[in-house]
>>> print(open('data.pdb').read())   # PDB, C-alpha atoms and all ligand atoms
ATOM      1  CA  MET A  29     -52.201  87.411 136.924
ATOM      2  CA  PRO A  30     -55.566  86.920 135.178
ATOM      3  CA  ALA A  31     -57.843  84.191 136.465
ATOM      4  CA  THR A  32     -57.755  80.651 135.134
ATOM      5  CA  ILE A  33     -60.782  80.139 132.922
ATOM      6  CA  ILE A  34     -62.784  77.101 134.027
ATOM      7  CA  SER A  35     -64.216  75.842 130.767
ATOM      8  CA  GLY A  36     -67.536  74.079 131.066
ATOM      9  CA  ILE A  37     -67.314  73.262 127.380
ATOM     10  CA  GLU A  38     -64.091  71.271 127.793
ATOM     11  CA  THR A  39     -65.181  69.524 130.985
ATOM     12  CA  ALA A  40     -68.604  68.723 129.558
ATOM     13  CA  LYS A  41     -66.953  67.313 126.425
ATOM     14  CA  ALA A  42     -64.847  64.916 128.492
ATOM     15  CA  ILE A  43     -67.883  63.731 130.489
ATOM     16  CA  ARG A  44     -69.996  63.370 127.336
ATOM     17  CA  GLU A  45     -67.340  61.090 125.851
ATOM     18  CA  GLU A  46     -67.577  58.893 128.944
ATOM     19  CA  ILE A  47     -71.380  58.875 128.712
ATOM     20  CA  GLY A  48     -71.257  58.004 124.993
ATOM     21  CA  ILE A  49     -69.013  55.004 125.707
ATOM     22  CA  GLU A  50     -71.367  53.766 128.426
ATOM     23  CA  VAL A  51     -74.443  54.260 126.205
ATOM     24  CA  ARG A  52     -72.803  52.124 123.495
ATOM     25  CA  ARG A  53     -71.923  49.453 126.071
ATOM     26  CA  LEU A  54     -75.527  49.325 127.290
ATOM     27  CA  LYS A  55     -76.715  48.837 123.728
ATOM     28  CA  GLN A  56     -74.140  46.157 122.911
ATOM     29  CA  GLU A  57     -74.293  44.178 126.151
ATOM     30  CA  TYR A  58     -77.930  44.592 127.173
ATOM     31  CA  ASN A  59     -79.698  45.951 124.074
ATOM     32  CA  ILE A  60     -80.861  48.934 126.144
ATOM     33  CA  ILE A  61     -81.133  52.449 124.713
ATOM     34  CA  PRO A  62     -81.639  55.133 127.371
ATOM     35  CA  GLY A  63     -84.764  57.170 126.571
ATOM     36  CA  LEU A  64     -85.571  60.757 127.513
ATOM     37  CA  VAL A  65     -88.789  62.679 126.961
ATOM     38  CA  THR A  66     -88.759  66.469 127.170
ATOM     39  CA  ILE A  67     -92.051  68.279 127.631
ATOM     40  CA  LEU A  68     -92.281  71.925 126.646
ATOM     41  CA  VAL A  69     -95.459  73.919 127.225
ATOM     42  CA  GLY A  70     -95.665  77.276 125.452
ATOM     43  CA  ASP A  71     -93.319  79.143 123.147
ATOM     44  CA  ASP A  72     -90.842  80.924 125.415
ATOM     45  CA  PRO A  73     -87.744  81.354 123.185
ATOM     46  CA  ALA A  74     -85.226  80.633 125.974
ATOM     47  CA  SER A  75     -87.071  77.429 126.941
ATOM     48  CA  GLN A  76     -87.284  76.402 123.281
ATOM     49  CA  SER A  77     -83.536  76.760 122.854
ATOM     50  CA  TYR A  78     -82.784  74.878 126.121
ATOM     51  CA  VAL A  79     -85.034  71.972 125.119
ATOM     52  CA  ALA A  80     -83.591  71.865 121.597
ATOM     53  CA  ALA A  81     -80.056  71.746 123.039
ATOM     54  CA  LYS A  82     -81.045  68.919 125.400
ATOM     55  CA  ASN A  83     -82.523  66.866 122.565
ATOM     56  CA  ARG A  84     -79.547  67.526 120.273
ATOM     57  CA  THR A  85     -77.104  66.432 122.961
ATOM     58  CA  ALA A  86     -79.118  63.294 123.731
ATOM     59  CA  GLU A  87     -79.183  62.258 120.097
ATOM     60  CA  ALA A  88     -75.460  62.916 119.682
ATOM     61  CA  LEU A  89     -74.789  60.537 122.594
ATOM     62  CA  GLY A  90     -77.035  57.766 121.287
ATOM     63  CA  ILE A  91     -79.792  58.472 123.828
ATOM     64  CA  PHE A  92     -83.300  58.207 122.405
ATOM     65  CA  SER A  93     -85.040  61.535 122.848
ATOM     66  CA  GLU A  94     -88.603  62.531 122.226
ATOM     67  CA  GLN A  95     -89.764  66.133 122.411
ATOM     68  CA  VAL A  96     -93.387  66.856 123.272
ATOM     69  CA  THR A  97     -94.269  70.463 122.464
ATOM     70  CA  LEU A  98     -97.633  71.727 123.668
ATOM     71  CA  PRO A  99     -99.347  75.090 123.146
ATOM     72  CA  ALA A 100     -99.377  77.517 126.086
ATOM     73  CA  ILE A 101    -103.154  77.027 126.488
ATOM     74  CA  THR A 102    -102.781  73.296 127.204
ATOM     75  CA  ALA A 103    -104.852  72.262 130.224
ATOM     76  CA  GLU A 104    -103.008  71.046 133.312
ATOM     77  CA  VAL A 105    -104.819  67.704 133.164
ATOM     78  CA  ASP A 106    -103.408  67.068 129.685
ATOM     79  CA  VAL A 107     -99.844  67.743 130.833
ATOM     80  CA  LEU A 108    -100.378  65.356 133.768
ATOM     81  CA  ARG A 109    -101.751  62.694 131.393
ATOM     82  CA  ILE A 110     -98.672  62.928 129.145
ATOM     83  CA  ILE A 111     -96.396  62.566 132.181
ATOM     84  CA  ASP A 112     -98.416  59.587 133.318
ATOM     85  CA  GLU A 113     -98.018  57.905 129.923
ATOM     86  CA  ALA A 114     -94.258  58.499 130.053
ATOM     87  CA  ASN A 115     -94.181  57.113 133.623
ATOM     88  CA  ARG A 116     -95.660  53.874 132.287
ATOM     89  CA  ASN A 117     -93.566  53.684 129.079
ATOM     90  CA  PRO A 118     -90.653  51.256 129.612
ATOM     91  CA  ALA A 119     -88.683  52.800 126.714
ATOM     92  CA  ILE A 120     -88.611  56.132 128.557
ATOM     93  CA  HIS A 121     -86.173  56.314 131.478
ATOM     94  CA  GLY A 122     -86.079  60.056 132.027
ATOM     95  CA  ILE A 123     -88.804  62.718 132.015
ATOM     96  CA  LEU A 124     -88.020  66.410 131.890
ATOM     97  CA  VAL A 125     -90.651  69.133 132.070
ATOM     98  CA  GLN A 126     -89.110  72.410 130.994
ATOM     99  CA  LEU A 127     -89.726  75.184 133.531
ATOM    100  CA  PRO A 128     -91.225  77.709 133.880
ATOM    101  CA  LEU A 129     -94.722  76.503 133.017
ATOM    102  CA  PRO A 130     -97.590  78.801 132.047
ATOM    103  CA  ARG A 131     -99.252  80.297 135.142
ATOM    104  CA  HIS A 132    -102.452  78.222 134.942
ATOM    105  CA  ILE A 133    -100.439  75.021 135.400
ATOM    106  CA  ASN A 134     -99.435  74.083 138.939
ATOM    107  CA  GLU A 135     -95.685  73.437 138.798
ATOM    108  CA  THR A 136     -95.619  71.514 142.077
ATOM    109  CA  LYS A 137     -98.399  69.190 140.925
ATOM    110  CA  VAL A 138     -96.574  68.554 137.651
ATOM    111  CA  LEU A 139     -93.231  67.805 139.308
ATOM    112  CA  PHE A 140     -94.910  65.547 141.899
ATOM    113  CA  THR A 141     -96.525  63.515 139.093
ATOM    114  CA  ILE A 142     -93.194  62.459 137.580
ATOM    115  CA  ASP A 143     -92.129  58.993 138.740
ATOM    116  CA  PRO A 144     -89.167  59.680 141.113
ATOM    117  CA  ASP A 145     -87.242  56.899 139.307
ATOM    118  CA  LYS A 146     -87.577  58.871 136.056
ATOM    119  CA  ASP A 147     -87.067  62.318 137.598
ATOM    120  CA  VAL A 148     -83.788  63.099 135.814
ATOM    121  CA  ASP A 149     -84.038  66.777 136.763
ATOM    122  CA  GLY A 150     -83.975  65.797 140.446
ATOM    123  CA  PHE A 151     -86.906  68.076 141.377
ATOM    124  CA  HIS A 152     -89.335  65.496 142.804
ATOM    125  CA  PRO A 153     -89.613  65.813 146.617
ATOM    126  CA  VAL A 154     -88.441  62.214 147.027
ATOM    127  CA  ASN A 155     -85.182  63.065 145.263
ATOM    128  CA  VAL A 156     -84.882  66.440 147.000
ATOM    129  CA  GLY A 157     -85.317  64.703 150.371
ATOM    130  CA  LYS A 158     -82.789  62.001 149.522
ATOM    131  CA  MET A 159     -80.327  64.657 148.365
ATOM    132  CA  LEU A 160     -80.654  66.462 151.715
ATOM    133  CA  LEU A 161     -80.072  63.185 153.545
ATOM    134  CA  GLY A 162     -77.052  62.395 151.369
ATOM    135  CA  GLU A 163     -78.739  59.267 149.951
ATOM    136  CA  GLN A 164     -78.244  58.067 146.375
ATOM    137  CA  CYS A 165     -80.715  59.875 144.093
ATOM    138  CA  PHE A 166     -80.958  61.953 140.942
ATOM    139  CA  LEU A 167     -79.122  65.161 141.759
ATOM    140  CA  PRO A 168     -80.424  68.384 140.198
ATOM    141  CA  CYS A 169     -78.423  69.055 137.038
ATOM    142  CA  THR A 170     -77.076  72.582 137.528
ATOM    143  CA  PRO A 171     -75.910  72.100 141.152
ATOM    144  CA  ASN A 172     -74.420  68.710 140.297
ATOM    145  CA  GLY A 173     -72.750  70.243 137.239
ATOM    146  CA  ILE A 174     -71.168  72.915 139.445
ATOM    147  CA  LEU A 175     -69.789  70.290 141.837
ATOM    148  CA  GLU A 176     -68.440  68.231 138.942
ATOM    149  CA  LEU A 177     -66.839  71.315 137.386
ATOM    150  CA  LEU A 178     -65.118  72.161 140.684
ATOM    151  CA  ARG A 179     -63.998  68.557 141.184
ATOM    152  CA  ARG A 180     -62.581  68.151 137.694
ATOM    153  CA  SER A 181     -60.855  71.548 137.934
ATOM    154  CA  GLY A 182     -59.075  70.440 141.113
ATOM    155  CA  VAL A 183     -60.764  73.029 143.361
ATOM    156  CA  GLU A 184     -60.672  71.929 147.013
ATOM    157  CA  THR A 185     -64.022  72.403 148.723
ATOM    158  CA  SER A 186     -63.261  70.813 152.080
ATOM    159  CA  GLY A 187     -63.090  73.541 154.717
ATOM    160  CA  ALA A 188     -63.556  76.253 152.086
ATOM    161  CA  GLU A 189     -65.745  79.292 152.689
ATOM    162  CA  VAL A 190     -68.417  78.928 150.024
ATOM    163  CA  VAL A 191     -70.864  81.752 149.443
ATOM    164  CA  VAL A 192     -73.932  81.126 147.277
ATOM    165  CA  ILE A 193     -75.981  84.056 145.986
ATOM    166  CA  GLY A 194     -79.565  82.958 145.322
ATOM    167  CA  ARG A 195     -81.907  80.575 147.130
ATOM    168  CA  SER A 196     -84.020  79.117 144.327
ATOM    169  CA  ASN A 197     -85.113  75.488 144.478
ATOM    170  CA  ILE A 198     -83.263  74.665 141.261
ATOM    171  CA  VAL A 199     -79.871  76.264 141.920
ATOM    172  CA  GLY A 200     -79.222  78.163 145.170
ATOM    173  CA  LYS A 201     -80.733  75.848 147.797
ATOM    174  CA  PRO A 202     -79.558  72.532 146.300
ATOM    175  CA  VAL A 203     -76.017  73.708 145.524
ATOM    176  CA  ALA A 204     -75.696  75.023 149.088
ATOM    177  CA  SER A 205     -76.941  71.691 150.408
ATOM    178  CA  LEU A 206     -74.532  69.669 148.247
ATOM    179  CA  MET A 207     -71.520  71.782 149.228
ATOM    180  CA  LEU A 208     -72.431  71.103 152.835
ATOM    181  CA  GLN A 209     -72.576  67.296 152.523
ATOM    182  CA  LYS A 210     -70.044  65.304 154.491
ATOM    183  CA  ARG A 211     -68.306  63.766 151.488
ATOM    184  CA  GLU A 212     -65.850  64.501 148.700
ATOM    185  CA  GLY A 213     -66.857  67.638 146.811
ATOM    186  CA  GLY A 214     -68.652  68.954 149.905
ATOM    187  CA  ASN A 215     -67.424  69.609 153.464
ATOM    188  CA  ALA A 216     -67.552  73.375 152.859
ATOM    189  CA  THR A 217     -68.658  76.124 155.230
ATOM    190  CA  VAL A 218     -71.639  77.494 153.345
ATOM    191  CA  THR A 219     -73.325  80.889 153.467
ATOM    192  CA  VAL A 220     -76.395  81.660 151.354
ATOM    193  CA  CYS A 221     -77.168  85.260 150.344
ATOM    194  CA  HIS A 222     -80.451  86.489 148.864
ATOM    195  CA  THR A 223     -82.487  89.635 148.333
ATOM    196  CA  ARG A 224     -82.925  90.164 152.102
ATOM    197  CA  THR A 225     -79.221  89.808 152.902
ATOM    198  CA  ARG A 226     -78.135  92.993 154.711
ATOM    199  CA  ASP A 227     -74.500  93.338 153.623
ATOM    200  CA  MET A 228     -73.797  91.011 150.720
ATOM    201  CA  GLY A 229     -70.262  92.330 150.144
ATOM    202  CA  PHE A 230     -69.318  91.322 153.708
ATOM    203  CA  HIS A 231     -70.079  87.715 152.789
ATOM    204  CA  THR A 232     -68.827  87.647 149.191
ATOM    205  CA  ARG A 233     -65.449  89.162 150.138
ATOM    206  CA  ARG A 234     -64.873  86.251 152.531
ATOM    207  CA  ALA A 235     -65.630  83.595 149.911
ATOM    208  CA  ASP A 236     -62.963  81.179 148.702
ATOM    209  CA  ILE A 237     -65.593  79.926 146.271
ATOM    210  CA  LEU A 238     -68.380  82.278 145.176
ATOM    211  CA  ILE A 239     -71.363  80.768 143.366
ATOM    212  CA  VAL A 240     -73.639  83.388 141.844
ATOM    213  CA  ALA A 241     -77.173  82.432 140.777
ATOM    214  CA  ALA A 242     -79.255  85.597 141.112
ATOM    215  CA  GLY A 243     -80.287  86.313 137.525
ATOM    216  CA  VAL A 244     -78.994  89.908 137.638
ATOM    217  CA  ALA A 245     -76.601  90.735 134.802
ATOM    218  CA  ARG A 246     -73.021  91.598 135.872
ATOM    219  CA  MET A 247     -74.010  92.356 139.489
ATOM    220  CA  ILE A 248     -70.732  91.062 140.989
ATOM    221  CA  LYS A 249     -67.779  93.434 140.582
ATOM    222  CA  ALA A 250     -64.117  93.099 141.537
ATOM    223  CA  ASP A 251     -64.549  95.004 144.828
ATOM    224  CA  GLN A 252     -67.009  92.348 146.018
ATOM    225  CA  ILE A 253     -64.646  89.386 145.746
ATOM    226  CA  LYS A 254     -61.554  88.156 147.547
ATOM    227  CA  GLU A 255     -58.223  88.096 145.687
ATOM    228  CA  GLY A 256     -57.733  84.619 144.198
ATOM    229  CA  ALA A 257     -61.333  83.440 144.750
ATOM    230  CA  VAL A 258     -62.930  80.810 142.537
ATOM    231  CA  ILE A 259     -65.978  82.336 140.872
ATOM    232  CA  ILE A 260     -68.781  80.168 139.518
ATOM    233  CA  ASP A 261     -71.153  82.283 137.456
ATOM    234  CA  VAL A 262     -74.479  80.501 136.989
ATOM    235  CA  GLY A 263     -76.420  83.478 135.618
ATOM    236  CA  ILE A 264     -77.670  83.540 132.061
ATOM    237  CA  ASN A 265     -79.051  86.960 131.219
ATOM    238  CA  ARG A 266     -80.150  88.116 127.786
ATOM    239  CA  VAL A 267     -78.662  91.599 127.491
ATOM    240  CA  GLY A 268     -79.200  92.250 123.792
ATOM    241  CA  GLN A 269     -79.509  90.809 120.328
ATOM    242  CA  ALA A 270     -76.715  90.367 117.795
ATOM    243  CA  ALA A 271     -77.135  91.334 114.136
ATOM    244  CA  ASN A 272     -77.767  87.655 113.279
ATOM    245  CA  GLY A 273     -80.708  87.601 115.695
ATOM    246  CA  LYS A 274     -78.920  85.551 118.344
ATOM    247  CA  ALA A 275     -79.282  86.626 121.970
ATOM    248  CA  ILE A 276     -76.269  88.281 123.596
ATOM    249  CA  LEU A 277     -75.726  86.648 126.978
ATOM    250  CA  ALA A 278     -74.103  87.909 130.163
ATOM    251  CA  GLY A 279     -73.549  86.225 133.492
ATOM    252  CA  ASP A 280     -74.286  87.538 136.970
ATOM    253  CA  VAL A 281     -70.592  88.376 137.308
ATOM    254  CA  ASP A 282     -68.910  91.285 135.553
ATOM    255  CA  PHE A 283     -66.330  89.046 133.910
ATOM    256  CA  ASN A 284     -63.994  91.786 132.610
ATOM    257  CA  ASP A 285     -63.962  93.557 135.957
ATOM    258  CA  VAL A 286     -63.353  90.411 138.010
ATOM    259  CA  VAL A 287     -60.990  88.415 135.785
ATOM    260  CA  GLY A 288     -57.862  90.235 136.996
ATOM    261  CA  LYS A 289     -58.591  89.550 140.665
ATOM    262  CA  ALA A 290     -60.180  86.090 140.757
ATOM    263  CA  GLY A 291     -58.095  82.923 140.900
ATOM    264  CA  ALA A 292     -60.427  81.079 138.551
ATOM    265  CA  ILE A 293     -63.727  81.883 136.863
ATOM    266  CA  THR A 294     -66.371  80.267 134.684
ATOM    267  CA  PRO A 295     -67.320  82.233 131.562
ATOM    268  CA  VAL A 296     -70.870  82.878 130.310
ATOM    269  CA  PRO A 297     -71.606  81.317 127.931
ATOM    270  CA  GLY A 298     -69.430  78.205 128.085
ATOM    271  CA  GLY A 299     -69.274  77.709 131.848
ATOM    272  CA  VAL A 300     -72.023  76.127 133.910
ATOM    273  CA  GLY A 301     -74.513  75.886 131.009
ATOM    274  CA  PRO A 302     -72.889  72.957 129.142
ATOM    275  CA  MET A 303     -72.468  71.125 132.459
ATOM    276  CA  THR A 304     -76.206  71.325 133.209
ATOM    277  CA  ILE A 305     -77.137  69.528 129.990
ATOM    278  CA  THR A 306     -74.364  66.983 130.485
ATOM    279  CA  MET A 307     -75.594  66.097 133.969
ATOM    280  CA  LEU A 308     -79.066  65.581 132.515
ATOM    281  CA  MET A 309     -77.588  63.047 130.103
ATOM    282  CA  GLN A 310     -75.728  61.361 132.948
ATOM    283  CA  ASN A 311     -78.943  61.119 134.986
ATOM    284  CA  THR A 312     -80.797  59.643 131.990
ATOM    285  CA  LEU A 313     -78.079  57.030 131.559
ATOM    286  CA  GLN A 314     -78.252  56.254 135.302
ATOM    287  CA  ALA A 315     -82.043  55.983 135.113
ATOM    288  CA  ALA A 316     -81.791  53.420 132.307
ATOM    289  CA  LYS A 317     -79.193  51.415 134.234
ATOM    290  CA  ARG A 318     -81.200  51.477 137.462
ATOM    291  CA  ALA A 319     -84.368  50.386 135.645
ATOM    292  CA  ALA A 320     -82.436  47.361 134.320
ATOM    293  CA  ARG A 321     -80.681  46.833 137.675
ATOM    294  CA  ILE A 322     -77.248  47.287 136.125
ATOM    295  CA  ASP A 323     -74.617  48.410 138.649
ATOM    296  CA  GLY A 324     -72.050  51.160 138.161
TER
HETATM  297  P1  LIG A 401     -84.531  82.640 140.535
HETATM  298  O1  LIG A 401     -85.011  83.938 140.010
HETATM  299  O2  LIG A 401     -85.500  81.545 140.805
HETATM  300  O3  LIG A 401     -83.743  82.908 141.882
HETATM  301  C1  LIG A 401     -82.840  83.961 142.013
HETATM  302  C2  LIG A 401     -82.387  84.055 143.442
HETATM  303  O4  LIG A 401     -81.427  85.087 143.536
HETATM  304  C3  LIG A 401     -83.506  84.382 144.429
HETATM  305  O5  LIG A 401     -83.426  83.464 145.489
HETATM  306  C4  LIG A 401     -83.205  85.792 144.923
HETATM  307  O6  LIG A 401     -83.415  85.914 146.308
HETATM  308  C5  LIG A 401     -81.734  85.966 144.600
HETATM  309  N1  LIG A 401     -81.450  87.331 144.162
HETATM  310  C6  LIG A 401     -81.987  87.973 143.108
HETATM  311  N2  LIG A 401     -81.469  89.215 143.014
HETATM  312  C7  LIG A 401     -80.577  89.346 144.026
HETATM  313  C8  LIG A 401     -79.754  90.387 144.465
HETATM  314  N3  LIG A 401     -79.722  91.554 143.829
HETATM  315  N4  LIG A 401     -78.996  90.174 145.541
HETATM  316  C9  LIG A 401     -79.016  88.979 146.190
HETATM  317  N5  LIG A 401     -79.779  87.948 145.820
HETATM  318  C10 LIG A 401     -80.569  88.136 144.754
HETATM  319  O7  LIG A 401     -83.386  82.169 139.529
HETATM  320  P2  LIG A 401     -82.700  80.733 139.278
HETATM  321  O8  LIG A 401     -83.638  79.856 138.575
HETATM  322  O9  LIG A 401     -82.029  80.267 140.506
HETATM  323  O10 LIG A 401     -81.569  81.191 138.230
HETATM  324  C11 LIG A 401     -80.594  82.146 138.573
HETATM  325  C12 LIG A 401     -79.800  82.488 137.331
HETATM  326  O11 LIG A 401     -79.139  81.316 136.882
HETATM  327  C13 LIG A 401     -80.629  82.956 136.146
HETATM  328  O12 LIG A 401     -79.872  83.886 135.405
HETATM  329  C14 LIG A 401     -80.825  81.697 135.333
HETATM  330  O13 LIG A 401     -81.031  81.962 133.957
HETATM  331  C15 LIG A 401     -79.505  81.018 135.550
HETATM  332  N6  LIG A 401     -79.540  79.564 135.402
HETATM  333  C16 LIG A 401     -78.533  79.014 134.701
HETATM  334  C17 LIG A 401     -78.475  77.658 134.555
HETATM  335  C18 LIG A 401     -77.323  77.065 133.795
HETATM  336  O14 LIG A 401     -77.404  75.935 133.382
HETATM  337  N7  LIG A 401     -76.229  77.803 133.622
HETATM  338  C19 LIG A 401     -79.455  76.836 135.115
HETATM  339  C20 LIG A 401     -80.465  77.428 135.867
HETATM  340  C21 LIG A 401     -80.491  78.807 136.022
END
>>> encode(input="data.pdb", output="C-alpha cells", more="lines below")
Ligand code: NAD
Amino acid sequence: MPATIISGIETAKAIREEIGIEVRRLKQEYNIIPGLVTILVGDDPASQSYVAAKNRTAEALGIFSEQVTLPAITAEVDVLRIIDEANRNPAIHGILVQLPLPRHINETKVLFTIDPDKDVDGFHPVNVGKMLLGEQCFLPCTPNGILELLRRSGVETSGAEVVVIGRSNIVGKPVASLMLQKREGGNATVTVCHTRTRDMGFHTRRADILIVAAGVARMIKADQIKEGAVIIDVGINRVGQAANGKAILAGDVDFNDVVGKAGAITPVPGGVGPMTITMLMQNTLQAAKRAARIDG
C-alpha cells in the first residue's frame, strides 16, 4: 500500500486559520497588531523567494510586515544598526534575518544582536539554551514545524526510534533535541547521522521516524528505510528550471522510490516548507502577546 501523504499545505492552512483568528482578536480586544521585520542582505534568489513568501503570509494573516532589503556590500555595522532600531521599535515584535549572510558579515554577531524577546527564528543563544532545557522560548521554525506536523498527523513519537540526518544548527541539532524532550511530541530515542557517520543505512533502516535534512537531492532510497516508516523530508534542492523559469525542487528523499515502502511521507514541495513559515507567524503572534503580557 502506498504511503500516506503528510500534507504540510493542509496542516499549515489549519494552523494559519487559528493564527488569523487570534490576530483579529488581538486587534479587536487590545488594539495590537503583531509586527514582523524581515532583513535580507544580498540578492540570492532562494532567499528572496523565502522572504517574499514570509511577508506575503504575514500580510494575509493581518500581521504587519516590513521587508528591509540591503545590497550584498552592506557593512556589518549597518546591519547591526538596523537590528538595533527594530529591537527598540515597539511596533515590531519579531525580527528575522534571512540566512545565509554574505561572508563579510559575522552571522553569530548578527544573531546575538537580536533581542531574544523578538527572536522569532529561535536562533539567539538564550532561546537555544532555553530550548535545550525545555523552558518556554521561541522554538526554531523548521524543527517546531516538523513536531507540529507529526502531532497533527497523529504520529506517536514516545518510545519511537527517530533518526535525524543532518546536524545543522537550524534543523538537525534542534529537531533532535526537541524529539528528545520529556514531553508530548518528544520522548523519542534519537540518533543523529551526519557526514562522518560510518554506516548510515544501519541507522536509517531502524528508524520508525526518519527526518532527513542533509541538502542532498534524493539521497534516501527505499532500501535505506524500514517498511512502514514515517519519512519527514526537510530537503529543498533546486534540481532544474521549468520552462516558465520556476525552479524545479526535489527533497533529500527519492519520493517515487520510497513511497511504496514508507508508512507516511512528506512531499517536497508542500511538506515541511509551509510549516516553517507558519511557525514563524505563530512565533510573531506569541511575541506580540508576550510583549503585551497577554496569556495564552
Ligand atoms: P546544512 O548544509 O547546514 O547541513 C546539512 C547537514 O547534513 C550537515 O550537518 C551534514 O553533516 C549533513 N550531511 C550532508 N550530506 C550528508 C550525507 N551525504 N550523509 C549524511 N549527512 C550529510 O543544511 P540545513 O540548513 O540543515 O538544510 C538541510 C536541507 O534542508 C537543505 O536542503 C535546506 O534547503 C533544507 N531546509 C528546508 C527548510 C524547510 O523549511 N523545508 C528549512 C531549512 C532547511
>>> residues_near_ligand(input="data.pdb", ligand="ligand LIG 401 (chain A)", cutoff="9 Å", atoms="all atoms listed in the file", output="count of residues only")
45
>>> atom_distance(input="data.pdb", atom1="atom CA of Thr66 of chain A", atom2="atom CA of Met307 of chain A")
14.8 Å
>>> atom_distance(input="data.pdb", atom1="atom CA of Pro153 of chain A", atom2="atom CA of Leu139 of chain A")
8.4 Å
>>> axis_aligned_box(input="data.pdb", around="segment 164-179 of chain A", padding_each_side="6 Å", output="lines of an AutoDock Vina configuration file")
center_x = -72.5
center_y = 65.5
center_z = 141.7
size_x = 29.0
size_y = 26.8
size_z = 21.3
>>> resolve_selection(input="data.pdb", expression="the PyMOL selection byres (((chain A and resi 186) around 10) and not hetatm)", output="VMD selection string")
chain A and resid 183 to 185 187 to 190 207 to 217
>>> resolve_selection(input="data.pdb", expression="the PyMOL selection byres (((chain A and resi 40-55) around 8) and not hetatm)", output="list in words")
Gly36, Ile37, Glu38, Thr39, Gln56, Glu57, Tyr58, Asn59, Ile60, Ile61, Pro62, Leu89, Gly90, Ile91, Pro302, Met303, Thr306, Met309, Gln310 and Leu313 of chain A
